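Participant: Below is a structure I'd like to ask you about.
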Amino acid sequence: MALGWKWLRGTLARRMRYRITRVGVLFSLAILGVMLGAVFSSNNLLFLIAAAMMATLLVSGLISRLCLAGLELDFAVPEHVSAGRVVPGKLAVRNQKWLMPSFSIRVEGIRDDAAVAAPVFETDVYFPLIAGSATVEQTVEVRFPRRGTYRENAFAFSTGFPFGFLEKSARVTLRRETVVYPPIHPQPGFEDLLVGIAGEIESHYRGLGKDFYRIRPYEVLESARHVDWKATAHVGSLQVREFAREQERRVEMFLDREVPPALDAWFEHAIDCCAFLAWRLSTEGASIHFRSNGFSFRQPEEGDIYTILKYLALVYPQASSAPEGPIEESSYKLVFTASPQKFAQTGWLEGRILSPGNLPA
């Protein structure tokens, strides 16, 4: 019995927020008017009516408080979530009260000053009735506005039951860590950048192999065994059959974390672009060797692309020493840096260097 009373007192002591509604304002004015009429007229009936109205207001507050007491929340999202994209989530609310149901319960995400941001529900989450000792579930569309770790997702239960005089809300914190990747959907300019890089990769990996690539004019010092004699006879000059190189296409990406505070916005933009390019190039069959100030990961040899996206979800600016040169000379090279001059003598100039000058935020 003592434990039950302690639990009930703890749930009732949960931090509440109140918002008076228009109906509540009108009802309060009506109470004030009846009380003034009772005082000036000395009419006992008006005193009884005023007392009944005040009792109704108090009972309404108690019932709404009991409706919010004893509610437990669970919220699950898919394993892989990217910022800015709407994903389905499963919201489950359990009423821990044994017999008493909860009526007219709304659930919404609230912003926490210590957190990255709050998840945003695309649709209203409303439960008209949650029976005692019952659990109700609802699939909702949720969007995480920014990349990062959502460790304590803050939500709020609210209700205006039974008469709607006050709207009470109680905050509940769900202690479940959710890692949100940077957005992998295209932003303005990203698609054009991808097309240009894809063309450079294709040109970079032209060579001699087994897969036919094209017929082109003969160049000095090339082997005569690759000459296409039919095309030569047709054109009248030596033509060579060119094949795609047998080795796989590998893109070596480097993210420079040394960024001055004035370029924090550009750093976030560069992370979004890096995540988008890594995702799209990997889906098109390219192997990614991602590096960033001590971090190195090869995809798919060491794991899937989600390891790179998770790193980009948690990365932050950090001072670093001079960058190391590329590891694979034959790979296509792509660098994101706020200081392109640092990479002038390290072998990265053979690839593409994206900086605030050619990748504006």
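Residues are named by chain letter and number: chains run A, B, ... in the order of the structure tokens, numbers start at 1 in each chain, and ligands are numbered from 1 in the order shown.
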For range 113-168 of chain A against range 260-270 of chain A, with a cut-off of 12 Å and counting only C-alpha atoms, what is the closest atom pair and its distance in Å to one decimal for every residue that makes the cut, ordered by chain and number, as a tab-separated table?
Facilitator:
residue	atom	partner	partner_atom	distance
A:Arg146	CA	A:Glu268	CA	10.0
A:Arg147	CA	A:Glu268	CA	9.4
A:Gly148	CA	A:Glu268	CA	11.4
Participant: Go ahead and save the picked residues with N, CA and C atoms, as a PDB file, in the first residue's frame.
Facilitator:
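Produced file selection-v1.pdb, reproduced below:
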ATOM      1  N   ARG A 146      18.261  17.507 -37.818  1.00  0.00           N
ATOM      2  CA  ARG A 146      19.699  17.653 -37.962  1.00  0.00           C
ATOM      3  C   ARG A 146      20.395  16.335 -37.685  1.00  0.00           C
ATOM      4  N   ARG A 147      21.640  16.243 -38.153  1.00  0.00           N
ATOM      5  CA  ARG A 147      22.453  15.063 -37.860  1.00  0.00           C
ATOM      6  C   ARG A 147      22.883  15.079 -36.401  1.00  0.00           C
ATOM      7  N   GLY A 148      23.322  13.946 -35.906  1.00  0.00           N
ATOM      8  CA  GLY A 148      23.835  13.895 -34.547  1.00  0.00           C
ATOM      9  C   GLY A 148      23.203  12.765 -33.759  1.00  0.00           C
TER      10      GLY A 148
END
Participant: How close does each residue of range 169-213 of chain A get to range 84-97 of chain A, giving the shortest atom pair and distance in Å to one decimal for every residue with an atom at most 9 Å away, counting only C-alpha atoms, sorted by chain and residue number, as JSON lines?
Facilitator:
{"residue": "A:Pro182", "atom": "CA", "partner": "A:Gly84", "partner_atom": "CA", "distance": 8.3}
{"residue": "A:Pro183", "atom": "CA", "partner": "A:Gly84", "partner_atom": "CA", "distance": 6.0}
{"residue": "A:Ile184", "atom": "CA", "partner": "A:Arg85", "partner_atom": "CA", "distance": 8.6}
{"residue": "A:His185", "atom": "CA", "partner": "A:Arg85", "partner_atom": "CA", "distance": 7.9}
Participant: If we count only C-alpha atoms, what is near Met100 in chain A at a cut-off of 9 Å, once residues fewer than 2 positions away on the same chain are taken out, given as a list in words?
Facilitator: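 Selected residues are Leu66, Cys67, Asn95, Lys97, Trp98, Ser102, Ala131, Gly132 and Ser133 of chain A.
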Participant: Mind checking which residues fall within 9 Å of His80 in chain A, counting only C-alpha atoms, ignoring those fewer than 5 positions away in the same chain, and posting them as a list in words?
Facilitator: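 The residues satisfying every condition are Val179, Val180, Tyr181 and Tyr306 of chain A.
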Participant: Would you kindly return, as a VMD selection string, each protein, DNA or RNA residue with an atom no farther than 12 Å from any atom of Ser292 in chain A, considering only C-alpha atoms and excluding same-chain residues fewer than 6 positions away?
Facilitator: chain A and resid 252 to 258 271 274 308 311 to 312 315 to 326 334 to 337
